[in-house]
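Shown next: run-v7.tsv, given as TSV, C-alpha atoms and all ligand atoms.
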chain	number	residue	atom	x	y	z
A	1	MET	CA	0.00	0.00	0.00
A	2	PRO	CA	1.28	3.45	-0.92
A	3	LEU	CA	3.40	5.57	1.36
A	4	THR	CA	2.96	8.73	-0.67
A	5	PRO	CA	-0.65	9.84	-0.46
A	6	LEU	CA	-2.80	9.16	-3.49
A	7	ASN	CA	-5.50	11.70	-4.25
A	8	PHE	CA	-8.51	10.78	-6.38
A	9	TYR	CA	-10.68	13.67	-5.25
A	10	PRO	CA	-12.43	15.23	-8.26
A	11	GLY	CA	-11.50	18.79	-7.35
A	12	PRO	CA	-9.46	20.24	-5.88
A	13	SER	CA	-7.46	17.31	-7.13
A	14	LYS	CA	-3.96	16.05	-7.53
A	15	VAL	CA	-1.71	18.61	-9.21
A	16	TYR	CA	0.93	17.58	-11.73
A	17	ASP	CA	4.10	16.37	-10.00
A	18	GLN	CA	6.06	18.94	-12.03
A	19	VAL	CA	4.22	21.78	-10.28
A	20	LYS	CA	6.76	21.43	-7.47
A	21	ASP	CA	9.61	22.41	-9.80
A	22	TYR	CA	7.58	25.07	-11.59
A	23	LEU	CA	6.88	26.78	-8.26
A	24	THR	CA	10.58	27.02	-7.53
A	25	LEU	CA	11.20	28.20	-11.07
A	26	ALA	CA	8.55	30.92	-10.71
A	27	PHE	CA	10.25	32.10	-7.54
A	28	ASP	CA	13.72	32.04	-9.08
A	29	GLU	CA	12.59	33.85	-12.21
A	30	GLY	CA	11.06	36.60	-10.09
A	31	ILE	CA	7.56	35.95	-11.45
A	32	LEU	CA	5.84	36.16	-8.09
A	33	GLY	CA	6.32	39.90	-7.73
A	34	ILE	CA	5.85	41.12	-11.30
A	35	GLN	CA	3.48	43.95	-12.16
A	36	HIS	CA	0.34	42.91	-13.99
A	37	ARG	CA	0.72	45.87	-16.37
A	38	SER	CA	4.32	44.96	-17.21
A	39	GLU	CA	5.65	43.64	-20.50
A	40	LYS	CA	6.73	40.48	-18.74
A	41	PHE	CA	3.18	39.76	-17.62
A	42	VAL	CA	1.76	40.49	-21.06
A	43	GLU	CA	4.27	38.07	-22.56
A	44	ILE	CA	3.34	35.27	-20.13
A	45	SER	CA	-0.37	35.89	-20.57
A	46	LYS	CA	-0.13	36.00	-24.36
A	47	ASN	CA	1.97	32.84	-24.53
A	48	THR	CA	-0.48	31.07	-22.25
A	49	VAL	CA	-3.48	32.00	-24.41
A	50	THR	CA	-1.64	30.89	-27.55
A	51	LEU	CA	-0.65	27.59	-26.01
A	52	LEU	CA	-4.13	26.98	-24.58
A	53	LYS	CA	-5.62	27.35	-28.04
A	54	LYS	CA	-3.06	25.01	-29.52
A	55	LYS	CA	-3.11	22.31	-26.86
A	56	LEU	CA	-6.88	22.30	-26.25
A	57	ASN	CA	-7.97	22.82	-29.85
A	58	ILE	CA	-9.74	26.11	-29.19
A	59	PRO	CA	-10.69	27.95	-32.41
A	60	GLN	CA	-8.33	30.82	-33.22
A	61	ASP	CA	-11.12	33.40	-33.30
A	62	TYR	CA	-12.42	32.49	-29.82
A	63	TYR	CA	-11.47	34.71	-26.87
A	64	VAL	CA	-9.81	33.42	-23.72
A	65	PHE	CA	-10.13	35.08	-20.29
A	66	PHE	CA	-8.69	34.39	-16.87
A	67	THR	CA	-11.15	34.53	-13.97
A	68	SER	CA	-10.92	33.36	-10.36
A	69	SER	CA	-13.34	30.44	-10.38
A	70	ALA	CA	-16.08	28.64	-12.25
A	71	THR	CA	-18.52	30.15	-9.75
A	72	GLU	CA	-17.38	33.59	-10.83
A	73	CYS	CA	-18.02	32.59	-14.45
A	74	TRP	CA	-21.64	31.73	-13.50
A	75	GLU	CA	-22.07	35.33	-12.39
A	76	ILE	CA	-20.12	37.00	-15.18
A	77	LEU	CA	-22.19	35.29	-17.86
A	78	ILE	CA	-25.53	36.19	-16.29
A	79	GLN	CA	-24.48	39.77	-15.49
A	80	SER	CA	-23.05	40.55	-18.88
A	81	LEU	CA	-25.06	38.45	-21.35
A	82	VAL	CA	-28.55	38.24	-19.88
A	83	LYS	CA	-30.98	41.12	-19.55
A	84	ARG	CA	-34.18	39.06	-19.27
A	85	TRP	CA	-33.52	35.44	-18.34
A	86	SER	CA	-31.29	32.44	-18.85
A	87	TYR	CA	-32.52	28.85	-19.26
A	88	HIS	CA	-30.79	25.97	-17.50
A	89	VAL	CA	-30.86	22.29	-18.36
A	90	TYR	CA	-29.32	20.24	-15.57
A	91	ASN	CA	-29.29	16.90	-13.80
A	92	GLY	CA	-27.09	17.54	-10.77
A	93	ALA	CA	-25.89	19.87	-8.05
A	94	PHE	CA	-23.57	22.10	-10.09
A	95	GLY	CA	-26.05	22.73	-12.90
A	96	GLN	CA	-28.71	23.48	-10.31
A	97	LYS	CA	-26.46	25.86	-8.39
A	98	TRP	CA	-25.81	27.81	-11.58
A	99	LEU	CA	-29.57	28.30	-11.96
A	100	GLU	CA	-29.77	29.46	-8.32
A	101	TYR	CA	-27.01	32.01	-8.90
A	102	ALA	CA	-28.73	33.17	-12.08
A	103	ARG	CA	-32.04	33.67	-10.27
A	104	LYS	CA	-30.43	35.95	-7.71
A	105	LEU	CA	-29.31	38.22	-10.53
A	106	ARG	CA	-32.16	37.66	-13.03
A	107	PRO	CA	-35.19	36.32	-11.14
A	108	ASP	CA	-37.00	35.25	-14.32
A	109	SER	CA	-34.33	32.69	-15.14
A	110	THR	CA	-35.74	29.15	-15.30
A	111	GLY	CA	-34.80	25.69	-16.31
A	112	VAL	CA	-35.58	22.02	-16.41
A	113	ALA	CA	-34.02	19.06	-14.68
A	114	PHE	CA	-33.44	15.79	-16.51
A	115	ASP	CA	-32.90	12.31	-15.17
A	116	LEU	CA	-29.52	10.97	-14.15
A	117	ASN	CA	-29.66	8.20	-16.74
A	118	ALA	CA	-31.31	10.22	-19.47
A	119	GLU	CA	-29.99	12.23	-22.37
A	120	ILE	CA	-31.34	15.71	-22.89
A	121	ASN	CA	-34.35	15.53	-25.15
A	122	VAL	CA	-33.41	18.54	-27.23
A	123	ASN	CA	-36.52	18.55	-29.43
A	124	ASP	CA	-38.89	18.80	-26.48
A	125	LEU	CA	-37.10	21.44	-24.42
A	126	PRO	CA	-39.61	24.14	-23.48
A	127	ILE	CA	-37.14	26.98	-23.93
A	128	PRO	CA	-39.10	30.26	-24.02
A	129	ALA	CA	-38.70	32.64	-26.95
A	130	GLN	CA	-36.31	35.52	-26.17
A	131	THR	CA	-34.14	33.36	-23.95
A	132	GLU	CA	-30.70	34.93	-24.14
A	133	LEU	CA	-28.53	32.21	-22.69
A	134	ILE	CA	-28.92	28.43	-22.53
A	135	CYS	CA	-26.82	26.92	-19.75
A	136	ILE	CA	-25.65	23.33	-19.56
A	137	THR	CA	-23.05	21.43	-17.57
A	138	GLN	CA	-21.04	19.22	-19.90
A	139	ASN	CA	-19.64	17.11	-17.09
A	140	GLU	CA	-21.76	17.04	-13.95
A	141	THR	CA	-19.10	16.51	-11.30
A	142	SER	CA	-21.67	15.77	-8.59
A	143	ASN	CA	-22.98	12.57	-10.18
A	144	GLY	CA	-20.48	11.51	-12.83
A	145	THR	CA	-22.58	12.10	-15.93
A	146	GLN	CA	-21.72	13.90	-19.13
A	147	ILE	CA	-23.51	15.47	-22.05
A	148	LYS	CA	-22.49	14.04	-25.39
A	149	GLU	CA	-21.01	16.11	-28.18
A	150	SER	CA	-23.94	15.25	-30.46
A	151	THR	CA	-26.43	16.59	-27.89
A	152	ILE	CA	-24.61	19.91	-27.71
A	153	LEU	CA	-24.59	20.09	-31.49
A	154	ASN	CA	-28.35	19.37	-31.58
A	155	LEU	CA	-28.94	22.10	-29.05
A	156	PHE	CA	-26.90	24.54	-31.11
A	157	ASN	CA	-28.83	23.66	-34.28
A	158	ARG	CA	-32.28	23.64	-32.68
A	159	PHE	CA	-31.81	26.96	-30.81
A	160	PRO	CA	-29.65	29.11	-33.08
A	161	ASP	CA	-30.45	32.41	-31.45
A	162	PRO	CA	-29.62	32.16	-27.72
A	163	LEU	CA	-25.99	31.86	-26.75
A	164	ILE	CA	-25.06	28.44	-25.43
A	165	ALA	CA	-22.88	28.36	-22.33
A	166	VAL	CA	-21.21	25.19	-21.15
A	167	ASP	CA	-19.80	24.55	-17.69
A	168	ALA	CA	-16.91	22.23	-18.49
A	169	THR	CA	-15.16	22.57	-15.14
A	170	SER	CA	-14.36	18.89	-14.72
A	171	SER	CA	-13.79	18.05	-18.38
A	172	MET	CA	-11.92	20.92	-20.05
A	173	ALA	CA	-8.27	19.87	-20.54
A	174	GLY	CA	-9.33	16.24	-20.15
A	175	ILE	CA	-11.82	15.77	-22.96
A	176	ASN	CA	-11.49	16.94	-26.54
A	177	LEU	CA	-14.36	19.44	-26.45
A	178	LYS	CA	-15.71	20.80	-29.73
A	179	TYR	CA	-15.59	24.47	-28.84
A	180	ILE	CA	-17.06	25.49	-32.17
A	181	LYS	CA	-20.39	23.87	-31.18
A	182	ALA	CA	-21.16	26.29	-28.37
A	183	ASP	CA	-20.47	29.91	-27.52
A	184	ILE	CA	-19.06	29.82	-24.03
A	185	TRP	CA	-16.98	27.24	-22.18
A	186	TYR	CA	-15.25	27.54	-18.85
A	187	ALA	CA	-13.43	25.54	-16.19
A	188	SER	CA	-11.54	26.20	-13.02
A	189	VAL	CA	-8.01	24.82	-13.06
A	190	GLN	CA	-8.11	22.60	-9.95
A	191	LYS	CA	-9.69	19.73	-11.89
A	192	CYS	CA	-8.51	18.39	-15.26
A	193	PHE	CA	-5.80	21.03	-15.63
A	194	GLY	CA	-3.97	19.53	-12.64
A	195	LEU	CA	-3.19	22.90	-11.06
A	196	PRO	CA	-3.74	24.48	-7.64
A	197	ALA	CA	-7.13	26.11	-7.08
A	198	GLY	CA	-7.69	29.83	-7.53
A	199	MET	CA	-8.21	30.44	-11.24
A	200	ALA	CA	-10.55	29.61	-14.10
A	201	VAL	CA	-10.34	29.78	-17.87
A	202	LEU	CA	-13.28	31.26	-19.78
A	203	VAL	CA	-13.55	30.75	-23.54
A	204	CYS	CA	-15.98	32.81	-25.66
A	205	SER	CA	-17.02	32.80	-29.31
A	206	PRO	CA	-16.90	36.00	-31.39
A	207	ARG	CA	-20.71	36.04	-31.25
A	208	THR	CA	-20.55	36.14	-27.45
A	209	ILE	CA	-18.38	39.25	-27.49
A	210	PHE	CA	-20.66	40.83	-30.08
A	211	ARG	CA	-23.69	40.31	-27.76
A	212	ALA	CA	-21.77	41.52	-24.73
A	213	LYS	CA	-20.91	44.72	-26.56
A	214	GLN	CA	-24.56	45.23	-27.54
A	215	ILE	CA	-25.61	44.94	-23.90
A	216	ASN	CA	-22.50	46.81	-22.76
A	217	GLU	CA	-22.89	46.00	-19.07
A	218	ARG	CA	-19.99	47.57	-17.15
A	219	ASN	CA	-21.14	47.58	-13.54
A	220	HIS	CA	-18.65	45.08	-12.18
A	221	TYR	CA	-14.92	44.62	-12.12
A	222	ASN	CA	-15.52	41.39	-13.96
A	223	SER	CA	-18.04	42.59	-16.54
A	224	LEU	CA	-17.33	40.93	-19.86
A	225	VAL	CA	-16.83	44.02	-22.02
A	226	PRO	CA	-14.10	45.56	-19.81
A	227	MET	CA	-12.55	42.10	-19.54
A	228	TYR	CA	-12.55	41.89	-23.33
A	229	GLU	CA	-11.05	45.36	-23.69
A	230	LYS	CA	-8.22	44.58	-21.31
A	231	MET	CA	-7.61	41.18	-22.89
A	232	LEU	CA	-7.03	42.80	-26.28
A	233	ASN	CA	-3.61	43.45	-24.76
A	234	TYR	CA	-3.55	40.21	-22.75
A	235	GLN	CA	-4.29	41.99	-19.51
A	236	THR	CA	-6.98	41.64	-16.86
A	237	THR	CA	-9.24	44.20	-15.17
A	238	HIS	CA	-7.66	43.43	-11.79
A	239	THR	CA	-4.46	41.88	-10.48
A	240	PRO	CA	-4.83	38.28	-11.60
A	241	ASN	CA	-3.44	35.03	-10.28
A	242	VAL	CA	-0.10	35.53	-12.03
A	243	LEU	CA	1.42	32.43	-10.46
A	244	ASN	CA	-1.38	30.21	-11.73
A	245	ILE	CA	-1.19	31.70	-15.22
A	246	TYR	CA	2.54	30.96	-15.16
A	247	LEU	CA	1.93	27.41	-13.91
A	248	LEU	CA	-0.75	26.90	-16.54
A	249	HIS	CA	1.73	27.82	-19.24
A	250	LYS	CA	4.38	25.51	-17.83
A	251	VAL	CA	1.99	22.60	-17.47
A	252	LEU	CA	0.58	23.08	-20.97
A	253	GLU	CA	4.08	23.02	-22.45
A	254	GLN	CA	4.65	19.56	-21.08
A	255	ARG	CA	1.21	18.17	-21.93
A	256	PRO	CA	0.40	16.28	-25.14
A	257	LEU	CA	-2.34	17.58	-27.44
A	258	ILE	CA	-5.88	17.17	-26.09
A	259	LYS	CA	-6.65	14.51	-28.74
A	260	VAL	CA	-4.07	12.27	-27.15
A	261	ILE	CA	-5.14	12.98	-23.58
A	262	ASP	CA	-8.80	12.41	-24.45
A	263	LYS	CA	-8.04	9.02	-25.95
A	264	GLU	CA	-6.03	7.88	-22.94
A	265	LEU	CA	-8.57	9.14	-20.40
A	266	THR	CA	-11.50	7.61	-22.25
A	267	MET	CA	-9.76	4.25	-22.32
A	268	ARG	CA	-8.83	4.48	-18.66
A	269	ALA	CA	-12.40	5.45	-17.75
A	270	GLN	CA	-13.71	2.39	-19.55
A	271	GLN	CA	-11.22	0.17	-17.73
A	272	LEU	CA	-12.25	1.65	-14.39
A	273	TYR	CA	-15.96	1.23	-15.10
A	274	ASP	CA	-15.34	-2.40	-16.17
A	275	PHE	CA	-13.24	-3.00	-13.09
A	276	PHE	CA	-15.88	-1.78	-10.65
A	277	GLN	CA	-18.68	-3.51	-12.49
A	278	GLU	CA	-17.00	-6.88	-12.93
A	279	GLN	CA	-14.50	-7.34	-10.15
A	280	ILE	CA	-15.91	-5.54	-7.17
A	281	SER	CA	-18.65	-6.89	-4.92
A	282	GLU	CA	-22.29	-6.26	-5.60
A	283	GLY	CA	-22.43	-3.96	-2.60
A	284	ILE	CA	-20.71	-1.28	-4.69
A	285	ALA	CA	-22.34	-0.30	-7.98
A	286	LEU	CA	-21.94	2.35	-10.63
A	287	LEU	CA	-24.31	5.23	-9.86
A	288	VAL	CA	-24.98	5.88	-13.55
A	289	GLU	CA	-26.61	2.87	-15.20
A	290	ASN	CA	-26.73	4.22	-18.74
A	291	PRO	CA	-23.23	3.80	-20.22
A	292	ASP	CA	-23.96	6.48	-22.84
A	293	VAL	CA	-24.07	9.27	-20.27
A	294	ARG	CA	-21.25	8.15	-17.97
A	295	SER	CA	-18.54	10.73	-17.46
A	296	HIS	CA	-15.04	10.02	-18.73
A	297	THR	CA	-13.43	12.11	-16.01
A	298	VAL	CA	-15.45	11.59	-12.81
A	299	LEU	CA	-16.72	8.20	-11.67
A	300	ALA	CA	-19.54	7.98	-9.15
A	301	LEU	CA	-19.99	4.74	-7.20
A	302	LYS	CA	-22.90	4.01	-4.96
A	303	SER	CA	-23.47	1.85	-1.93
A	304	ASP	CA	-25.29	2.10	1.38
A	305	PRO	CA	-24.13	5.00	3.55
A	306	LYS	CA	-22.44	2.73	6.10
A	307	MET	CA	-20.38	1.00	3.46
A	308	ILE	CA	-19.47	4.37	1.91
A	309	GLU	CA	-18.17	5.57	5.28
A	310	ASP	CA	-16.17	2.38	5.65
A	311	ILE	CA	-14.63	2.66	2.18
A	312	LYS	CA	-13.58	6.28	2.72
A	313	LYS	CA	-12.06	5.59	6.14
A	314	ASN	CA	-10.36	2.41	5.05
A	315	ALA	CA	-8.92	4.16	1.99
A	316	ALA	CA	-7.68	7.03	4.17
A	317	ARG	CA	-5.86	4.52	6.41
A	318	HIS	CA	-4.06	3.38	3.26
A	319	ASN	CA	-3.17	6.93	2.30
A	320	ILE	CA	-5.76	6.98	-0.47
A	321	THR	CA	-8.27	9.80	-0.78
A	322	VAL	CA	-11.46	9.15	-2.69
A	323	GLY	CA	-13.98	11.93	-3.26
A	324	ASN	CA	-17.04	12.35	-1.05
A	325	GLY	CA	-20.46	12.16	-2.61
A	326	TYR	CA	-22.03	15.50	-3.47
A	327	GLY	CA	-25.49	17.05	-3.24
A	328	THR	CA	-28.33	14.50	-3.43
A	329	TRP	CA	-25.73	11.76	-3.60
A	330	ALA	CA	-23.61	12.97	-0.67
A	331	LYS	CA	-24.22	10.00	1.62
A	332	ASN	CA	-24.63	7.07	-0.73
A	333	THR	CA	-21.86	7.64	-3.25
A	334	PHE	CA	-18.17	8.28	-3.45
A	335	ARG	CA	-16.35	9.67	-6.46
A	336	ILE	CA	-13.10	8.97	-8.22
A	337	ALA	CA	-11.42	11.47	-10.50
A	338	ASN	CA	-10.00	10.25	-13.79
A	339	PHE	CA	-7.84	13.29	-14.42
A	340	PRO	CA	-4.72	13.59	-16.61
A	341	ALA	CA	-2.36	14.48	-13.73
A	342	ILE	CA	-3.00	11.11	-12.06
A	343	ALA	CA	-0.70	8.36	-13.33
A	344	ASP	CA	-1.84	4.92	-14.48
A	345	GLU	CA	0.19	3.30	-11.68
A	346	GLU	CA	-1.85	5.19	-9.14
A	347	TYR	CA	-5.02	3.60	-10.50
A	348	GLU	CA	-3.35	0.19	-10.28
A	349	THR	CA	-2.76	0.83	-6.58
A	350	LEU	CA	-6.37	1.94	-6.20
A	351	LYS	CA	-7.57	-1.25	-7.87
A	352	GLU	CA	-5.35	-3.38	-5.60
A	353	PHE	CA	-6.93	-1.70	-2.61
A	354	PHE	CA	-10.45	-2.46	-3.81
A	355	LEU	CA	-9.57	-6.02	-4.80
A	356	LYS	CA	-8.12	-6.66	-1.38
A	357	TYR	CA	-11.09	-5.41	0.63
A	358	TYR	CA	-14.17	-5.28	-1.57
A	359	ALA	CA	-13.92	-7.99	-4.22
B	1	LIG	C1	-16.02	22.39	-9.24
B	1	LIG	C2	-17.12	22.84	-10.11
B	1	LIG	C3	-17.62	24.15	-10.06
B	1	LIG	C4	-17.14	25.15	-9.06
B	1	LIG	O1	-15.82	25.49	-9.28
B	1	LIG	P1	-15.14	26.67	-8.40
B	1	LIG	O2	-13.77	26.76	-8.96
B	1	LIG	O3	-15.18	26.18	-6.98
B	1	LIG	O4	-15.96	27.87	-8.58
B	1	LIG	C5	-18.61	24.50	-10.95
B	1	LIG	N1	-19.10	23.62	-11.84
B	1	LIG	C6	-18.65	22.35	-11.91
B	1	LIG	C7	-19.24	21.43	-12.93
B	1	LIG	C8	-17.65	21.92	-11.06
B	1	LIG	O5	-17.20	20.66	-11.14
Since I need it in another form, could you write the structure as structure tokens?
Amino acid sequence: MPLTPLNFYPGPSKVYDQVKDYLTLAFDEGILGIQHRSEKFVEISKNTVTLLKKKLNIPQDYYVFFTSSATECWEILIQSLVKRWSYHVYNGAFGQKWLEYARKLRPDSTGVAFDLNAEINVNDLPIPAQTELICITQNETSNGTQIKESTILNLFNRFPDPLIAVDATSSMAGINLKYIKADIWYASVQKCFGLPAGMAVLVCSPRTIFRAKQINERNHYNSLVPMYEKMLNYQTTHTPNVLNIYLLHKVLEQRPLIKVIDKELTMRAQQLYDFFQEQISEGIALLVENPDVRSHTVLALKSDPKMIEDIKKNAARHNITVGNGYGTWAKNTFRIANFPAIADEEYETLKEFFLKYYA
């Protein structure tokens, strides 16, 4: 059993091992005290945006912004792109929270929940006319489900007028997302990016910026139009998380293209699902029964609450952290991240642990 702790929490999650060296490097290079209006910062920021687009396959004409969190992105998008209401399609805690945040800012915002094992029935969505923003969560971290690429494309084709915003917090940088098929994508970096918490990446289509300019909302430090204006010169409206931008650049340099990462993660996800389904006792089951909607980056496993407690404690005794359940599934599930920064060997150790105690 491992001496070094293994961390399978789906966010904040294990950071890349190399982060240790990059932190020292940042210190030695004097990055930690640079001015955010300096040429040095602009160079780092610009290089990071360029590399993000290249490594994640983000269209060249899309805009990239640095924010502090995915939660902040929920607010920015409602503040700056919605005058009337947004419409939310969700099946778990994060999607639902986004709707709650939206309602505080735009009380007419509404939405519809869909079943854990279901796909979104795009043709029957009762989205009101004049909806400005449709909000979905590509990978619902709370229950380990994901929305397929074809569903997002259907949504885009069926509702050409509203902007489509996608919370991809636990899939961006893990899955090869087709950015062209929606307007807005965002993720905080403490999940698939394998970085310390405290920053998020927000990606917007040209159409998004066009709408933002039409609305021209400027009441907040993080209103989209001022953010866009500053980002024309790779700057931010406020002092950003310079260290995390630097780390993001360093980590991206070392990472393969997203195509490659996606393929590896998808394969590893399948192996993990097979493992838990076939080799582990009937007391532990996959939460999501429909294989078509199972997440490739977050696995949710269910059992009775007593067993869940036992698994978490037993794992902790072996220096292994698994993720708690979340929201509705807090007590009767645990979660396992399948993120790029976690090595295959670590999953082998995890499997050994489960084989030893729960087969
Ligand atoms: C983690 C998570 C969030 C919240 O991220 P913060 O960085 O804490 O704001 C939002 N949405 C999803 C899908 C998440 O997994």
Just checking: using all atoms listed in the file, which residue out of A:Ile78, A:Ala118, A:Ala343, A:Ala300 ends up closest to Ala330 of chain A?
A:Ala300
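Each of A:Glu75, A:Asp124, A:Asp167, A:Glu282 was compared to ligand LIG 1 (chain B) using all atoms listed in the file, and A:Asp167 turns out to be the nearest.
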Of the candidates A:Lys331, A:His36, A:Arg103, A:Lys14, which shows the shortest atom-to-atom distance to Gln235 of chain A, using all atoms listed in the file?
A:His36
Could you give me, as a compact mmCIF listing (two decimals) with C-alpha atoms, in the frame of the given file, the residues within 10 Å of Asn154 of chain A, counting all atoms listed in the file and dropping anything in the same chain fewer than 5 positions from it?
# COMPACT_ATOMS: atom_id res chain seq x y z
CA ILE A 120 -31.34 15.71 -22.89
CA ASN A 121 -34.35 15.53 -25.15
CA VAL A 122 -33.41 18.54 -27.23
CA ASN A 123 -36.52 18.55 -29.43
CA GLU A 149 -21.01 16.11 -28.18
CA PHE A 159 -31.81 26.96 -30.81
CA PRO A 160 -29.65 29.11 -33.08
CA LYS A 181 -20.39 23.87 -31.18
List as a tab-separated table every residue of chain A that is in contact with ligand LIG 1 (chain B), defined as an atom at most 9 Å from one of its atoms (using only C-alpha atoms and all ligand atoms), together with the nearest atom pair and the distance in Å rounded to one decimal, sorted by chain and then rising number.
residue	atom	partner	partner_atom	distance
A:Pro10	CA	B:LIG1	O5	7.8
A:Gly11	CA	B:LIG1	C1	6.1
A:Pro12	CA	B:LIG1	C1	7.7
A:Ser68	CA	B:LIG1	O2	7.3
A:Ser69	CA	B:LIG1	O2	4.0
A:Ala70	CA	B:LIG1	O4	3.8
A:Thr71	CA	B:LIG1	O4	3.6
A:Glu72	CA	B:LIG1	O4	6.3
A:Cys73	CA	B:LIG1	O4	7.8
A:Trp74	CA	B:LIG1	C5	8.2
A:Ala93	CA	B:LIG1	C7	8.4
A:Phe94	CA	B:LIG1	N1	5.0
A:Gly95	CA	B:LIG1	C7	6.9
A:Lys97	CA	B:LIG1	C5	8.4
A:Trp98	CA	B:LIG1	N1	7.9
A:Thr137	CA	B:LIG1	C7	6.0
A:Gln138	CA	B:LIG1	C7	7.5
A:Asn139	CA	B:LIG1	C7	6.0
A:Glu140	CA	B:LIG1	C7	5.2
A:Thr141	CA	B:LIG1	O5	4.6
A:Ser142	CA	B:LIG1	O5	7.1
A:Asp167	CA	B:LIG1	C7	5.7
A:Ala168	CA	B:LIG1	C7	6.1
A:Thr169	CA	B:LIG1	C6	4.8
A:Ser170	CA	B:LIG1	O5	4.9
A:Ser171	CA	B:LIG1	C7	8.4
A:Tyr186	CA	B:LIG1	N1	8.9
A:Ala187	CA	B:LIG1	O1	7.3
A:Ser188	CA	B:LIG1	O2	4.7
A:Val189	CA	B:LIG1	O2	7.3
A:Gln190	CA	B:LIG1	O2	7.1
A:Lys191	CA	B:LIG1	C1	7.4
A:Ala197	CA	B:LIG1	O2	6.9
A:Gly198	CA	B:LIG1	O2	7.0
A:Met199	CA	B:LIG1	O2	7.0
A:Ala200	CA	B:LIG1	O2	6.7
Contacts of segment 337-342 of chain A within 6 Å, all atoms listed in the file, excl. fewer than 6 positions in-chain, as a PyMOL selection string
chain A and resi 8-10+16+192+194+297-298
Out of A:Val225, A:Ile134, A:Val242, A:Leu265, which residue has the shortest atom-to-atom distance to Gly174 of chain A when counting only C-alpha atoms?
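Using only C-alpha atoms, the shortest distance to Gly174 of chain A belongs to A:Leu265.
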Nearest to Lys313 of chain A by atom-to-atom distance, counting all atoms listed in the file, from A:Glu253, A:Glu39, A:Cys135, A:Phe334
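Among the listed residues, A:Phe334 lies closest to Lys313 of chain A.
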Residue neighbourhood segment 207-218 of chain A, 12 Å, all atoms listed in the file, exclusion window fewer than 2 positions, as a PDB file with C-alpha atoms, keeping the file's coordinate frame:
ATOM      1  CA  ASP A  61     -11.120  33.400 -33.300  1.00  0.00           C
ATOM      2  CA  TYR A  62     -12.420  32.490 -29.820  1.00  0.00           C
ATOM      3  CA  TYR A  63     -11.470  34.710 -26.870  1.00  0.00           C
ATOM      4  CA  VAL A  64      -9.810  33.420 -23.720  1.00  0.00           C
ATOM      5  CA  PHE A  65     -10.130  35.080 -20.290  1.00  0.00           C
ATOM      6  CA  ILE A  76     -20.120  37.000 -15.180  1.00  0.00           C
ATOM      7  CA  LEU A  77     -22.190  35.290 -17.860  1.00  0.00           C
ATOM      8  CA  ILE A  78     -25.530  36.190 -16.290  1.00  0.00           C
ATOM      9  CA  GLN A  79     -24.480  39.770 -15.490  1.00  0.00           C
ATOM     10  CA  SER A  80     -23.050  40.550 -18.880  1.00  0.00           C
ATOM     11  CA  LEU A  81     -25.060  38.450 -21.350  1.00  0.00           C
ATOM     12  CA  VAL A  82     -28.550  38.240 -19.880  1.00  0.00           C
ATOM     13  CA  LYS A  83     -30.980  41.120 -19.550  1.00  0.00           C
ATOM     14  CA  ARG A  84     -34.180  39.060 -19.270  1.00  0.00           C
ATOM     15  CA  GLU A 132     -30.700  34.930 -24.140  1.00  0.00           C
ATOM     16  CA  LEU A 133     -28.530  32.210 -22.690  1.00  0.00           C
ATOM     17  CA  PRO A 160     -29.650  29.110 -33.080  1.00  0.00           C
ATOM     18  CA  ASP A 161     -30.450  32.410 -31.450  1.00  0.00           C
ATOM     19  CA  PRO A 162     -29.620  32.160 -27.720  1.00  0.00           C
ATOM     20  CA  LEU A 163     -25.990  31.860 -26.750  1.00  0.00           C
ATOM     21  CA  ILE A 164     -25.060  28.440 -25.430  1.00  0.00           C
ATOM     22  CA  ALA A 165     -22.880  28.360 -22.330  1.00  0.00           C
ATOM     23  CA  ILE A 180     -17.060  25.490 -32.170  1.00  0.00           C
ATOM     24  CA  ALA A 182     -21.160  26.290 -28.370  1.00  0.00           C
ATOM     25  CA  ASP A 183     -20.470  29.910 -27.520  1.00  0.00           C
ATOM     26  CA  ILE A 184     -19.060  29.820 -24.030  1.00  0.00           C
ATOM     27  CA  TRP A 185     -16.980  27.240 -22.180  1.00  0.00           C
ATOM     28  CA  LEU A 202     -13.280  31.260 -19.780  1.00  0.00           C
ATOM     29  CA  VAL A 203     -13.550  30.750 -23.540  1.00  0.00           C
ATOM     30  CA  CYS A 204     -15.980  32.810 -25.660  1.00  0.00           C
ATOM     31  CA  SER A 205     -17.020  32.800 -29.310  1.00  0.00           C
ATOM     32  CA  HIS A 220     -18.650  45.080 -12.180  1.00  0.00           C
ATOM     33  CA  TYR A 221     -14.920  44.620 -12.120  1.00  0.00           C
ATOM     34  CA  ASN A 222     -15.520  41.390 -13.960  1.00  0.00           C
ATOM     35  CA  SER A 223     -18.040  42.590 -16.540  1.00  0.00           C
ATOM     36  CA  LEU A 224     -17.330  40.930 -19.860  1.00  0.00           C
ATOM     37  CA  VAL A 225     -16.830  44.020 -22.020  1.00  0.00           C
ATOM     38  CA  PRO A 226     -14.100  45.560 -19.810  1.00  0.00           C
ATOM     39  CA  MET A 227     -12.550  42.100 -19.540  1.00  0.00           C
ATOM     40  CA  TYR A 228     -12.550  41.890 -23.330  1.00  0.00           C
ATOM     41  CA  GLU A 229     -11.050  45.360 -23.690  1.00  0.00           C
ATOM     42  CA  MET A 231      -7.610  41.180 -22.890  1.00  0.00           C
ATOM     43  CA  LEU A 232      -7.030  42.800 -26.280  1.00  0.00           C
ATOM     44  CA  THR A 237      -9.240  44.200 -15.170  1.00  0.00           C
TER      45      THR A 237
END
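Closest approach to Pro59 of chain A among A:His318, A:Pro196, A:Asp310, A:Lys178 is made by A:Lys178 (distances from only C-alpha atoms).
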Suppose you want the space between atom CA of Tyr326 of chain A and atom CA of Gly144 of chain A; what is it in Å?
10.3 Å
